[in-house]
Each structure stands twice: as C-alpha cells, then as structure tokens.
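coords02.cif follows (mmCIF, C-alpha atoms):
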```
data_my_file
loop_
_atom_site.label_atom_id
_atom_site.label_comp_id
_atom_site.auth_asym_id
_atom_site.auth_seq_id
_atom_site.Cartn_x
_atom_site.Cartn_y
_atom_site.Cartn_z
CA MET A 255 12.53 -111.68 -29.80
CA ARG A 256 9.54 -112.27 -32.02
CA ARG A 257 7.51 -109.86 -29.95
CA LYS A 258 10.15 -107.17 -30.26
CA GLY A 259 10.27 -107.58 -34.05
CA PHE A 260 6.50 -107.38 -34.17
CA LEU A 261 6.42 -104.19 -32.11
CA ILE A 262 9.08 -102.57 -34.32
CA ASN A 263 7.05 -103.42 -37.41
CA ILE A 264 3.93 -101.88 -35.92
CA LEU A 265 5.83 -98.69 -34.94
CA LEU A 266 7.25 -98.46 -38.48
CA ILE A 267 3.79 -98.80 -40.03
CA VAL A 268 2.35 -96.15 -37.64
CA SER A 269 5.17 -93.69 -38.35
CA ILE A 270 4.80 -94.16 -42.12
CA ALA A 271 1.07 -93.55 -41.79
CA ILE A 272 1.68 -90.33 -39.77
CA VAL A 273 4.20 -89.03 -42.33
CA ALA A 274 1.87 -89.78 -45.20
CA PHE A 275 -1.04 -88.08 -43.40
CA SER A 276 1.03 -84.98 -42.54
CA CYS A 277 2.27 -84.66 -46.15
CA GLY A 278 -1.32 -84.69 -47.31
CA LEU A 279 -2.20 -81.97 -44.84
CA ALA A 280 0.77 -79.88 -45.99
CA ARG A 281 -0.22 -80.19 -49.62
CA ASP A 282 -3.75 -79.11 -48.77
CA MET A 283 -2.42 -76.06 -46.96
CA ILE A 284 -0.17 -75.12 -49.92
CA ASP A 285 -2.99 -75.55 -52.36
CA ARG A 286 -5.25 -73.34 -50.33
CA ASN A 287 -2.69 -70.53 -50.07
CA MET A 288 -1.53 -70.64 -53.68
CA PRO A 289 -3.04 -67.89 -55.89
CA LYS A 290 -5.68 -69.26 -58.13
CA GLU A 291 -5.08 -68.95 -61.85
CA ASP A 292 -7.48 -66.66 -63.76
CA THR A 293 -9.27 -67.78 -66.73
CA ALA A 294 -7.57 -67.69 -70.14
CA ALA A 295 -9.75 -64.75 -71.23
CA ASN A 296 -8.42 -62.56 -68.38
CA THR A 297 -4.74 -63.21 -69.17
CA ASN A 298 -5.31 -62.22 -72.77
CA ASP A 299 -6.78 -58.90 -71.62
CA VAL A 300 -3.71 -58.19 -69.54
CA ILE A 301 -1.38 -58.94 -72.44
CA THR A 302 -3.31 -56.65 -74.79
CA SER A 303 -3.29 -53.76 -72.26
CA ILE A 304 0.50 -54.04 -71.91
CA LEU A 305 0.96 -54.04 -75.65
CA LYS A 306 -1.27 -50.94 -75.96
CA ALA A 307 0.74 -48.97 -73.39
CA GLU A 308 3.98 -49.87 -75.14
CA GLY A 309 2.55 -48.69 -78.44
CA GLU A 310 1.53 -45.33 -76.94
CA ASP A 311 5.03 -44.78 -75.46
CA ARG A 312 6.62 -45.56 -78.79
CA ALA A 313 4.37 -43.07 -80.53
CA GLU A 314 5.30 -40.36 -78.01
CA ASP A 315 9.00 -41.11 -78.43
CA SER A 316 8.74 -40.88 -82.18
CA ILE A 317 7.02 -37.45 -81.92
CA ALA A 318 9.76 -36.18 -79.58
CA MET A 319 12.43 -37.47 -81.93
CA ALA A 320 10.79 -35.67 -84.81
CA GLN A 321 10.81 -32.42 -82.79
CA ASP A 322 14.46 -32.87 -81.84
CA THR A 323 15.51 -33.24 -85.41
CA THR A 324 13.92 -29.83 -86.17
CA GLN A 325 15.81 -28.03 -83.30
CA LYS A 326 19.58 -27.49 -83.44
CA VAL A 327 21.68 -28.94 -80.63
CA GLU A 328 23.43 -26.11 -78.72
CA VAL A 329 26.91 -26.73 -77.34
CA LEU A 330 27.51 -24.52 -74.26
CA SER A 331 30.90 -23.11 -73.37
CA LYS A 332 32.38 -23.35 -69.86
CA LYS A 333 31.55 -19.72 -69.14
CA GLU A 334 27.95 -20.22 -70.07
CA ILE A 335 27.72 -23.36 -67.96
CA ASN A 336 29.09 -21.43 -64.97
CA LYS A 337 26.61 -18.64 -65.64
CA LEU A 338 23.78 -21.12 -65.70
CA LYS A 339 25.04 -22.72 -62.52
CA LYS A 340 25.19 -19.35 -60.76
CA GLU A 341 21.73 -18.43 -61.93
CA ARG A 342 20.36 -21.71 -60.62
CA GLU A 343 22.14 -21.19 -57.28
CA LYS A 344 20.65 -17.71 -57.07
CA GLN A 345 17.21 -19.03 -57.77
CA ASP A 346 17.68 -21.71 -55.10
CA LYS A 347 18.80 -19.07 -52.57
CA ILE A 348 15.83 -16.83 -53.34
CA SER A 349 13.45 -19.74 -53.05
CA SER A 350 14.96 -20.66 -49.66
CA GLY A 351 14.58 -17.03 -48.46
CA ASP A 352 18.32 -16.28 -48.22
CA THR A 353 18.52 -12.92 -49.99
CA LEU A 354 21.29 -11.05 -48.04
CA SER A 355 24.76 -10.74 -49.53
CA TRP A 356 27.92 -11.96 -47.77
CA PHE A 357 28.97 -8.40 -46.94
CA LYS A 358 25.61 -7.52 -45.45
CA LYS A 359 25.63 -10.73 -43.44
CA ASN A 360 29.12 -10.23 -41.96
CA LYS A 361 29.10 -6.44 -41.74
CA GLU A 362 28.10 -6.49 -38.06
CA LEU A 363 31.06 -8.70 -37.25
CA TYR A 364 33.70 -6.38 -38.69
CA PHE A 365 31.93 -3.02 -38.59
CA PRO A 366 29.53 -3.11 -35.64
CA THR A 367 26.90 -0.40 -35.59
CA LYS A 368 27.46 2.21 -32.92
CA ILE A 369 24.93 1.99 -30.12
CA ASP A 370 24.34 4.96 -27.84
CA ARG A 371 24.12 4.67 -24.06
CA ASP A 372 20.46 5.57 -24.06
CA SER A 373 19.55 2.38 -25.93
CA SER A 374 22.18 0.25 -24.16
CA TYR A 375 21.29 1.25 -20.59
CA PRO A 376 17.74 2.66 -20.76
CA LEU A 377 17.01 1.71 -17.14
CA MET A 378 20.03 3.64 -15.87
CA TYR A 379 18.53 6.83 -17.28
CA LYS A 380 15.04 5.90 -16.12
CA GLU A 381 15.81 4.92 -12.52
CA LYS A 382 18.72 7.36 -12.04
CA PRO A 383 20.58 5.53 -9.24
CA LYS A 384 22.74 7.77 -7.05
CA SER A 385 24.35 5.39 -4.59
CA ILE A 386 25.92 1.99 -5.24
CA LEU A 387 27.00 -0.84 -2.95
CA ILE A 388 29.60 -3.27 -4.26
CA LEU A 389 29.03 -6.73 -2.82
CA TYR A 390 32.08 -8.81 -1.90
CA PRO A 391 32.95 -10.52 -5.23
CA TYR A 392 32.68 -14.22 -5.93
CA ASN A 393 36.36 -14.97 -6.49
CA ARG A 394 36.98 -18.04 -8.66
CA SER A 395 40.55 -17.07 -9.54
CA LYS A 396 43.67 -18.37 -7.80
CA ILE A 397 44.67 -14.92 -6.54
CA VAL A 398 43.33 -14.62 -2.99
CA GLN A 399 43.48 -10.80 -2.93
CA ALA A 400 41.60 -10.45 -6.24
CA SER A 401 38.40 -9.50 -4.41
CA GLN A 402 40.09 -6.59 -2.63
CA MET A 403 41.73 -5.41 -5.83
CA PHE A 404 38.46 -5.47 -7.75
CA VAL A 405 36.35 -3.77 -5.08
CA MET A 406 38.84 -0.93 -4.55
CA ASN A 407 39.26 -0.22 -8.23
CA ILE A 408 35.54 -0.47 -9.03
CA ALA A 409 34.69 1.86 -6.14
CA LYS A 410 37.19 4.41 -7.41
CA GLU A 411 35.88 4.13 -10.95
CA PHE A 412 32.26 4.67 -9.85
CA ALA A 413 33.22 7.61 -7.63
CA LEU A 414 35.13 9.27 -10.46
CA ARG A 415 32.09 8.82 -12.71
CA GLY A 416 29.98 10.76 -10.23
CA TYR A 417 28.24 8.17 -8.03
CA TYR A 418 28.17 7.79 -4.28
CA VAL A 419 29.81 4.43 -3.53
CA VAL A 420 29.66 2.81 -0.12
CA SER A 421 33.29 2.61 1.00
CA PRO A 422 35.15 -0.63 0.14
CA LEU A 423 36.02 -1.02 3.80
CA THR A 424 32.30 -1.29 4.61
CA THR A 425 32.00 -4.04 1.98
CA PHE A 426 34.84 -5.98 3.60
CA GLU A 427 33.51 -5.45 7.14
CA LEU A 428 30.04 -6.51 6.01
CA TYR A 429 31.54 -9.71 4.64
CA LYS A 430 33.52 -10.27 7.84
CA GLN A 431 30.36 -9.96 9.93
CA ASP A 432 28.23 -12.09 7.66
CA THR A 433 29.74 -14.26 4.96
CA MET A 434 26.35 -14.42 3.27
CA ALA A 435 26.83 -10.79 2.22
CA CYS A 436 28.73 -11.66 -0.93
CA ALA A 437 27.99 -11.99 -4.64
CA LYS A 438 28.16 -15.77 -4.44
CA LYS A 439 25.51 -16.29 -1.77
CA THR A 440 23.21 -13.32 -2.27
CA GLN A 441 20.39 -13.77 -4.72
CA PRO A 442 19.58 -10.83 -7.02
CA SER A 443 16.02 -10.93 -5.64
CA GLU A 444 17.32 -10.23 -2.12
CA VAL A 445 18.85 -6.83 -2.90
CA LYS A 446 15.89 -4.88 -1.53
CA LYS A 447 17.20 -5.42 2.02
CA TYR A 448 20.23 -3.27 1.15
CA LYS A 449 17.88 -0.43 0.27
CA GLN A 450 16.34 -0.69 3.73
CA ASP A 451 19.62 -1.10 5.64
CA TYR A 452 22.06 1.05 3.68
CA GLY A 453 19.78 3.22 1.53
CA VAL A 454 21.58 2.30 -1.68
CA ASP A 455 19.85 2.52 -5.07
CA ALA A 456 21.80 -0.30 -6.74
CA VAL A 457 23.94 -3.29 -5.83
CA LEU A 458 26.83 -4.56 -7.95
CA PHE A 459 27.46 -8.30 -8.22
CA VAL A 460 30.94 -9.24 -9.45
CA THR A 461 32.18 -12.70 -10.35
CA ILE A 462 35.93 -12.98 -10.97
CA TYR A 463 36.63 -15.97 -13.21
CA THR A 464 40.36 -15.59 -13.79
CA LEU A 465 43.21 -13.30 -12.91
CA ARG A 466 46.47 -14.88 -13.98
CA LYS A 467 49.84 -14.48 -15.57
CA ASN A 468 51.54 -17.56 -16.94
CA TRP A 469 55.29 -17.79 -16.32
CA TRP A 470 56.08 -18.28 -20.02
CA SER A 471 54.11 -15.23 -21.10
CA THR A 472 54.10 -11.49 -20.45
CA ASN A 473 50.33 -11.34 -20.87
CA ILE A 474 48.08 -10.87 -17.82
CA ASN A 475 44.56 -12.18 -18.34
CA SER A 476 41.49 -11.32 -16.33
CA VAL A 477 37.89 -12.43 -16.91
CA ALA A 478 35.01 -11.09 -14.85
CA GLU A 479 31.27 -10.59 -14.95
CA TYR A 480 29.47 -7.49 -13.64
CA CYS A 481 25.78 -7.14 -12.89
CA LEU A 482 24.30 -3.98 -11.41
CA ILE A 483 20.84 -4.58 -9.96
CA SER A 484 18.39 -1.94 -8.86
CA THR A 485 17.16 -2.16 -5.27
CA GLN A 486 13.93 -0.40 -6.22
CA SER A 487 12.69 -2.53 -9.11
CA GLY A 488 15.07 -5.51 -9.02
CA ASP A 489 15.90 -4.96 -12.70
CA THR A 490 19.38 -5.31 -14.17
CA LEU A 491 20.66 -1.82 -14.89
CA PHE A 492 24.06 -2.80 -16.25
CA TYR A 493 25.54 -6.10 -17.34
CA ARG A 494 28.95 -6.86 -18.80
CA LYS A 495 31.21 -9.86 -19.16
CA ALA A 496 34.76 -8.80 -19.89
CA ASP A 497 37.79 -10.74 -21.04
CA PHE A 498 40.75 -8.44 -20.49
CA ASN A 499 44.33 -8.99 -21.64
CA TYR A 500 47.19 -6.70 -20.71
CA ASP A 501 50.40 -7.29 -22.60
CA THR A 502 52.68 -4.27 -22.71
CA PRO A 503 56.09 -3.41 -21.27
CA ILE A 504 54.51 -0.28 -19.75
CA PRO A 505 53.55 -1.01 -16.12
CA PRO A 506 49.77 -1.14 -15.80
CA TYR A 507 49.67 1.10 -12.77
CA LYS A 508 51.77 4.03 -11.62
CA GLU A 509 52.03 3.68 -7.87
CA LYS A 510 51.54 6.82 -5.84
CA LYS A 511 54.03 6.14 -3.10
CA THR A 512 53.54 7.36 0.43
CA GLN A 513 55.97 10.02 1.58
CA ASP A 514 58.24 7.65 3.50
CA GLY A 515 57.59 4.65 1.25
CA SER A 516 55.71 2.65 3.90
CA PHE A 517 52.57 0.55 3.28
CA LYS A 518 53.50 -0.10 -0.33
CA MET A 519 52.47 -3.09 -2.37
CA ASP A 520 54.87 -5.83 -3.38
CA GLN A 521 55.75 -6.16 -7.08
CA LYS A 522 53.48 -9.16 -7.75
CA SER A 523 50.46 -7.54 -6.09
CA LEU A 524 51.19 -4.30 -7.90
CA MET A 525 51.14 -6.11 -11.25
CA TYR A 526 47.73 -7.68 -10.59
CA PHE A 527 46.38 -4.52 -8.98
CA GLY A 528 47.44 -2.53 -12.02
CA THR A 529 45.71 -4.97 -14.37
CA CYS A 530 42.53 -4.71 -12.28
CA TYR A 531 42.80 -0.92 -12.46
CA GLN A 532 43.18 -0.97 -16.26
CA MET A 533 40.36 -3.48 -16.58
CA GLN A 534 37.83 -1.47 -14.53
CA HIS A 535 38.80 1.63 -16.47
CA SER A 536 37.98 -0.16 -19.75
CA VAL A 537 34.83 -1.92 -18.50
CA PHE A 538 33.21 1.23 -17.10
CA MET A 539 34.39 3.53 -19.88
CA ASP A 540 30.86 3.72 -21.30
CA PHE A 541 29.04 3.66 -17.96
CA PRO A 542 26.58 6.58 -17.73
CA PHE A 543 27.78 9.48 -15.59
CA GLY A 544 26.38 9.93 -12.09
CA PRO A 545 24.76 12.91 -10.34
CA TYR A 546 28.08 14.35 -9.07
CA HIS A 547 29.49 14.60 -12.59
CA LYS A 548 28.95 17.66 -14.76
CA GLU A 549 27.93 15.48 -17.71
CA TYR A 550 25.13 13.79 -15.76
CA MET A 551 22.25 12.93 -18.12
CA LEU A 552 24.06 14.64 -20.98
CA ASP A 553 25.87 11.53 -22.22
CA ARG A 554 22.83 9.69 -23.58
CA LYS A 555 23.99 9.86 -27.19
CA LYS A 556 27.58 8.84 -26.51
CA PHE A 557 28.94 5.44 -27.61
CA SER A 558 28.57 2.22 -25.67
CA TYR A 559 30.18 -1.19 -25.97
CA ARG A 560 28.55 -4.58 -26.36
CA LYS A 561 27.49 -6.59 -23.29
CA ILE A 562 30.18 -9.20 -23.80
CA MET A 563 33.52 -7.59 -24.57
CA LYS A 564 37.06 -8.70 -25.26
CA TYR A 565 39.65 -6.05 -24.47
CA LYS A 566 43.28 -6.32 -25.41
CA LEU A 567 45.91 -3.78 -24.50
CA ASP A 568 48.92 -4.76 -26.57
CA MET A 569 51.51 -2.07 -27.05
CA ARG A 570 54.51 -4.31 -27.59
CA PRO A 571 56.94 -2.71 -30.10
CA SER A 572 57.04 -4.74 -33.32
CA MET B 279 62.70 29.88 -28.07
CA LYS B 280 59.53 31.76 -27.24
CA ARG B 281 57.41 29.02 -28.82
CA LEU B 282 59.27 26.34 -26.88
CA LEU B 283 58.67 28.17 -23.60
CA LEU B 284 55.00 28.65 -24.46
CA GLY B 285 54.67 24.95 -25.27
CA LEU B 286 56.33 23.98 -21.99
CA PHE B 287 54.07 26.36 -20.08
CA ILE B 288 50.96 24.80 -21.71
CA ILE B 289 52.16 21.27 -20.90
CA ILE B 290 52.84 22.20 -17.26
CA PHE B 291 49.50 23.98 -16.99
CA MET B 292 47.58 21.03 -18.50
CA GLY B 293 49.39 18.62 -16.21
CA ALA B 294 48.52 20.64 -13.15
CA CYS B 295 44.82 20.77 -14.05
CA SER B 296 43.47 17.36 -12.99
CA LYS B 297 40.13 16.50 -14.55
CA ASP B 298 39.39 13.87 -11.88
CA LEU B 299 36.52 14.60 -9.54
CA TYR B 300 38.54 13.65 -6.46
CA GLN B 301 42.17 13.38 -5.41
CA TYR B 302 43.03 9.96 -4.01
CA TYR B 303 46.76 10.35 -3.24
CA ASP B 304 48.10 6.98 -1.93
CA TYR B 305 44.64 5.64 -1.04
CA ASP B 306 45.19 2.35 -2.90
CA ASN B 307 48.36 1.48 -0.99
CA LEU B 308 46.84 2.26 2.38
CA ILE B 309 43.50 0.48 1.94
CA TYR B 310 45.15 -2.51 0.28
CA ALA B 311 47.63 -2.76 3.14
CA TYR B 312 44.83 -2.54 5.70
CA THR B 313 42.53 -5.09 4.04
CA THR B 314 45.27 -7.63 3.44
CA GLY B 315 46.54 -7.42 7.00
CA GLY B 316 49.62 -5.36 6.22
CA VAL B 317 48.98 -2.86 9.04
CA LYS B 318 49.93 -3.91 12.54
CA ASP B 319 48.29 -2.45 15.66
CA LYS B 320 51.50 -0.53 16.43
CA GLU B 321 51.42 1.12 13.02
CA MET B 322 47.78 2.18 13.29
CA LYS B 323 48.61 5.68 14.52
CA LYS B 324 51.02 6.27 11.66
CA PHE B 325 48.54 4.79 9.25
CA THR B 326 45.69 7.07 10.40
CA LYS B 327 47.97 10.08 10.15
CA LYS B 328 48.68 9.22 6.54
CA TYR B 329 45.02 8.66 5.83
CA TYR B 330 44.15 12.08 7.28
CA ARG B 331 45.64 13.76 4.16
CA ILE B 332 43.14 11.90 1.94
CA SER B 333 40.15 12.65 4.18
CA CYS B 334 40.98 16.38 4.21
CA SER B 335 41.72 16.63 0.51
CA LYS B 336 40.39 19.72 -1.19
CA LYS B 337 41.82 18.94 -4.58
CA GLY B 338 40.10 17.64 -7.70
CA VAL B 339 37.13 19.14 -9.51
CA LYS B 340 34.77 18.74 -6.53
CA LYS B 341 37.34 20.06 -4.02
CA GLN B 342 36.21 17.62 -1.36
CA PRO B 343 37.20 14.09 -0.25
CA ALA B 344 35.94 11.16 -2.30
CA PRO B 345 32.81 9.24 -1.26
CA GLY B 346 33.38 6.84 1.62
CA VAL B 347 36.73 8.32 2.63
CA CYS B 348 35.37 10.07 5.75
CA VAL B 349 33.63 6.85 6.81
CA GLU B 350 36.90 4.96 6.50
CA TYR B 351 38.80 7.65 8.41
CA GLY B 352 36.17 7.55 11.16
CA TYR B 353 36.52 3.78 11.33
CA PHE B 354 40.31 4.01 11.75
CA LEU B 355 39.85 6.59 14.51
CA TYR B 356 37.35 4.30 16.21
CA LYS B 357 39.92 1.48 16.09
CA GLN B 358 42.31 3.73 18.00
CA GLY B 359 39.67 4.48 20.63
CA LYS B 360 38.97 8.06 19.49
CA LYS B 361 35.21 7.67 19.52
CA ASP B 362 34.19 11.34 19.46
CA GLU B 363 36.48 12.17 16.57
CA ALA B 364 35.27 9.06 14.79
CA LYS B 365 31.64 10.09 15.14
CA GLU B 366 32.53 13.56 13.87
CA SER B 367 34.12 12.06 10.79
CA PHE B 368 31.08 9.85 10.16
CA LEU B 369 28.77 12.86 10.38
CA ARG B 370 31.01 14.77 7.99
CA GLU B 371 30.35 12.09 5.39
CA VAL B 372 26.58 12.68 5.77
CA GLN B 373 27.12 16.42 5.33
CA LEU B 374 29.12 15.93 2.15
CA TYR B 375 27.00 13.12 0.74
CA PRO B 376 23.40 13.05 2.00
CA GLU B 377 22.84 9.65 0.28
CA SER B 378 25.11 8.10 2.91
CA GLN B 379 22.75 8.89 5.82
CA LYS B 380 21.27 5.39 6.18
CA CYS B 381 24.62 3.73 5.64
CA VAL B 382 26.30 5.87 8.31
CA GLN B 383 23.40 5.25 10.71
CA GLN B 384 23.87 1.52 10.22
CA ILE B 385 27.62 1.77 10.87
CA LEU B 386 27.11 3.93 13.98
CA LYS B 387 24.60 1.37 15.21
CA SER B 388 26.97 -1.54 14.65
CA LEU B 389 29.86 0.31 16.37
CA ALA B 390 27.56 1.39 19.25
CA LEU B 391 28.43 5.08 18.85
#
```
As structure tokens, how would this structure be written, given the file I've shared?
Amino acid sequence: MRRKGFLINILLIVSIAIVAFSCGLARDMIDRNMPKEDTAANTNDVITSILKAEGEDRAEDSIAMAQDTTQKVEVLSKKEINKLKKEREKQDKISSGDTLSWFKKNKELYFPTKIDRDSSYPLMYKEKPKSILILYPYNRSKIVQASQMFVMNIAKEFALRGYYVVSPLTTFELYKQDTMACAKKTQPSEVKKYKQDYGVDAVLFVTIYTLRKNWWSTNINSVAEYCLISTQSGDTLFYRKADFNYDTPIPPYKEKKTQDGSFKMDQKSLMYFGTCYQMQHSVFMDFPFGPYHKEYMLDRKKFSYRKIMKYKLDMRPS
Amino acid sequence: MKRLLLGLFIIIFMGACSKDLYQYYDYDNLIYAYTTGGVKDKEMKKFTKKYYRISCSKKGVKKQPAPGVCVEYGYFLYKQGKKDEAKESFLREVQLYPESQKCVQQILKSLAL
C-alpha cells in the first residue's frame, strides 16, 4: 500500500513537471510569433501621417462645398430624367457596338429579301444536270407506303420541270434487288457508282420524317428532307427541309380514274398521296428548269425559297 | 349574250390547252397499285393494256410519253413473257431520251434481254 502511494506521488510530480515544461514552451512559441512593438518614435510618425491625410481631405471638402454654394441646384423633371436615361442607354449601346434599330434587326424575319435562283442554286446552273435518279427514301413515318408516294410524286415533278428521271419502278426494283440502294444506307460519297451504272448526273436523297393525320384534326402534316447530290463532283446541288401542313376541305388530289374504275386507290391512301403531291409541288416550285423545258437556263433571276421552309395550305372558310 | 359566249369559249379553250410537258392520265393509280401489290398475276394483261395508253401518249407540250414510261411498259411486257416487244419498248425510251442509254443497258443486262 505504501509502495502504491509512493508511486502515485512520483507520477503526480512527473506529470506536473511535464505540464509546467510544456506551458513554458508554449509561451516561448507565442512570444516568438507575436509582432514586436516598434519604438515610440515610430508610432508617433504614424499618428502624424494619419492626421495630415485627414486635414488634406477636410480642405478638399471645404473647397468643394464652397463651389457648390456658388452653383444653383437644378431639379430635373420626369421627362428630363427619362431623356437622360435614354441618352445614357444609347451611349451604352453605341459603346457595345449595337447600332442597328429594332426594325432593321427584325426586318429579315417579317420581310425576307428575295433571293434569285442563280444565287440559291449556283451549282445547278454550273453543272447543268440532265438526268436524276431518286433513291428509295429513308422512311421514318408510320405510313408504310410513304416511300412509294414520295418517289412517284417527285419523279413526276422533276419530269414536268424538264429533267430526265429514272422511272420510279426502277428505283423500287433496285431496292428489291439490293436493300443497300436506299437513302438510309447509301453515303453521299458513294453516288459516283450511279454515274457509272445508270449514267445519271445527280442522285436525290429523301428522308421522310413524318406523314400523319391525327384523328382529332383535319390537318395532314408531312416533314421531309431533300438532298440532290451531283455524281460528277459530289457537291450538293439542292437542299431543302420542308414542314408541310395541308388543312383544307378541298381534297388535295383530284384522282384521274381509269375508264372502268379498276386499280384505284382507297380513300386513306388517296388522302396521303394527295398531300405528298401538294408537298412536292410546293417544295420544287423554285427548282431550276431542266433541259426539256422551254425556260431552261432562263429562270436564273426568278424567286427562290429558303433552304428550310414551312408551308401551310389552309383554306378553311372563316 | 355574245360576251358570255365569248367568255365561255375562252374558258373552254384555256382548259383544253394543257401547259404540262407530258400527259400522265391515270399513271398514279396504276403504278401505285403495282408497287403496293394491288395487281394480281391474272390482272397483268388488263393492267398492261391500260398502261399502253400512257406509253403511247402524244399529248402535252412535248407530244411524247413522259420519261421512264416506256421503260416501265417494257418491264410489264417482260413480266408477261413478251420479250421482243419489251426490248422494243426499252429501245424506244433510248430514242426519245438519249440520257437513258446507260440505264436501259443496265436493265436489259439484269433482265438478260
């Protein structure tokens, strides 16, 4: 028991000694890191410099006050404040480089400048293609027969504009023989083979995005993209993306019935076929005329549409 | 009365003068029926007979059948086994449209004519 008490005493003494030693070390550390006070002469200098600066400021203020008292205080009206504001805004605009007026900025949106075909399709007039092959379209719509409808109507439109078009039946047979011969799987860089095999000057790629009529609406919508590529140079001769809406009580297509009424289209097909017909007619309205047309190369200065167009045929009586 | 008659005459005359380069008749119905499988083998003869009118058309500004029509007619004849007539129709296309020479050659090659 005595031994235990002795040992505890020793441990206590040792721990007190360690604490005292560590406190001393800590104080030393603090002392070392504390900023040392300057001499009394230095502090006086600082105080005098501060007082000087304050005196100078006061003097300046008093001069300004004296000037203010000589000038009259102007009270601006609301109109004048607005004027000032506008002037400042103008200056800000000029400094930021924005000098055009709202009308000039938005003029193109509402009153687009008329572009002639020569500047819209310069390569068409340079390369002068005579024959065109329409590749089997990439049909992304839900109408299975959309490809047939598009090819037939485009072929007719090109023929009536004076071009030689490889018959639609050849397009379909080509696709039957080789499914790679379609707009989806053929690369625009591969069109030169059609020049060798079929002797065509240009190949048309068509992508059908939508062809639909919702049950609650009378509107028929069709979206498609057209790209005519030259087989000689590989350049794009004609490009258009069209969003076409047909919403009129007038049927889009007047069917020319066969003499005995056989081989006629059903009503649903006729509706979509008619929309395709109207769409191709609108899309290729500004397409340059071909060599079989009397206006060939004479339509350079005629109007042309933009590359991305929204067409709407709406003749519903109000 | 005279003015009314004159007006009617002008309307009829303008209607008769088609500005289209070619006359297509019922081409859309026939080709659409063929491509969507609406023409049975039994009906092929009747179908070709109807198509003959389009391939022999001498209406429109150009007074000749539209491009590709003779090729299609030749193809329908070939399907019926009339190979000589089919070849004749193919060659007619080349006569009318010299650009079609390579295309027709390719078709003749594929049909072994």
Applying the PyMOL selection byres ((chain A and resi 390) around 10) to the file I just gave you, which residues come out? Please list them as a ChimeraX atom specification. /A:387-389,391-393,401-402,404-405,422,424-430,433-440,458-461
Any chance you could resolve the PyMOL selection byres ((chain A) within 9 of (chain B)) against this file and give the residues as a ChimeraX atom specification? /A:384-385,399,402-403,406-407,410,413-424,426,449-454,509-513,516-519,546-547
With the PyMOL selection byres ((chain B and resi 367) around 7) as the selection, what would be picked from this file? Answer as a count of residues only, please. 12
Could you pull the residues within 6 Å of Ala456 in chain A, counting all atoms listed in the file, minus those fewer than 6 positions along the same chain, as a ChimeraX atom specification? /A:386,483-485
Could you state the separation of CA of Leu374 in chain B and CA of Leu386 in chain B in Å, given to one decimal place?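 Computed distance, CA of Leu374 in chain B to CA of Leu386 in chain B, equals 17.0 Å.
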Select, counting only C-alpha atoms, all protein, DNA and RNA residues no farther than 10 Å from (27.8, 6.2, 21.0) in file coordinates, and express the selection as a list in words. Lys361, Asp362, Lys365, Leu386, Lys387, Leu389, Ala390 and Leu391 of chain B
Quick one, how far is CA of Tyr559 in chain A from CA of Thr490 in chain A?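 Atom-to-atom, CA of Tyr559 in chain A to CA of Thr490 in chain A, that is 16.5 Å.
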For Pro506 in chain A, list every protein, DNA or RNA residue within 10 Å, evaluated using all atoms listed in the file, and leave out those in the same chain fewer than 2 positions away; present the list as a PyMOL selection string. chain A and resi 500-504+508-509+524-533+567
Write the residues of the selection above to a file with C-alpha atoms, as a PDB file, in the frame of the given file.
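Done, and the output landed in result_34.pdb:
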```pdb
ATOM      1  CA  TYR A 500      47.190  -6.700 -20.710  1.00  0.00           C
ATOM      2  CA  ASP A 501      50.400  -7.290 -22.600  1.00  0.00           C
ATOM      3  CA  THR A 502      52.680  -4.270 -22.710  1.00  0.00           C
ATOM      4  CA  PRO A 503      56.090  -3.410 -21.270  1.00  0.00           C
ATOM      5  CA  ILE A 504      54.510  -0.280 -19.750  1.00  0.00           C
ATOM      6  CA  LYS A 508      51.770   4.030 -11.620  1.00  0.00           C
ATOM      7  CA  GLU A 509      52.030   3.680  -7.870  1.00  0.00           C
ATOM      8  CA  LEU A 524      51.190  -4.300  -7.900  1.00  0.00           C
ATOM      9  CA  MET A 525      51.140  -6.110 -11.250  1.00  0.00           C
ATOM     10  CA  TYR A 526      47.730  -7.680 -10.590  1.00  0.00           C
ATOM     11  CA  PHE A 527      46.380  -4.520  -8.980  1.00  0.00           C
ATOM     12  CA  GLY A 528      47.440  -2.530 -12.020  1.00  0.00           C
ATOM     13  CA  THR A 529      45.710  -4.970 -14.370  1.00  0.00           C
ATOM     14  CA  CYS A 530      42.530  -4.710 -12.280  1.00  0.00           C
ATOM     15  CA  TYR A 531      42.800  -0.920 -12.460  1.00  0.00           C
ATOM     16  CA  GLN A 532      43.180  -0.970 -16.260  1.00  0.00           C
ATOM     17  CA  MET A 533      40.360  -3.480 -16.580  1.00  0.00           C
ATOM     18  CA  LEU A 567      45.910  -3.780 -24.500  1.00  0.00           C
TER      19      LEU A 567
END
```
Report the distance between CA of Asn473 in chain A and CA of Lys522 in chain A in Å, rounded to one decimal place. 13.7 Å
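Each of A:Asp285, A:Asp540, A:Asp489, A:Asp520 was checked against Leu377 in chain A using only C-alpha atoms; the smallest atom-to-atom distance is that of A:Asp489.
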From the set A:Tyr463, A:Ala307, A:Lys561, A:Asn298, which residue has the shortest atom-to-atom contact distance to Arg394 in chain A, counting all atoms listed in the file?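 Closest to Arg394 in chain A of all the choices is A:Tyr463.
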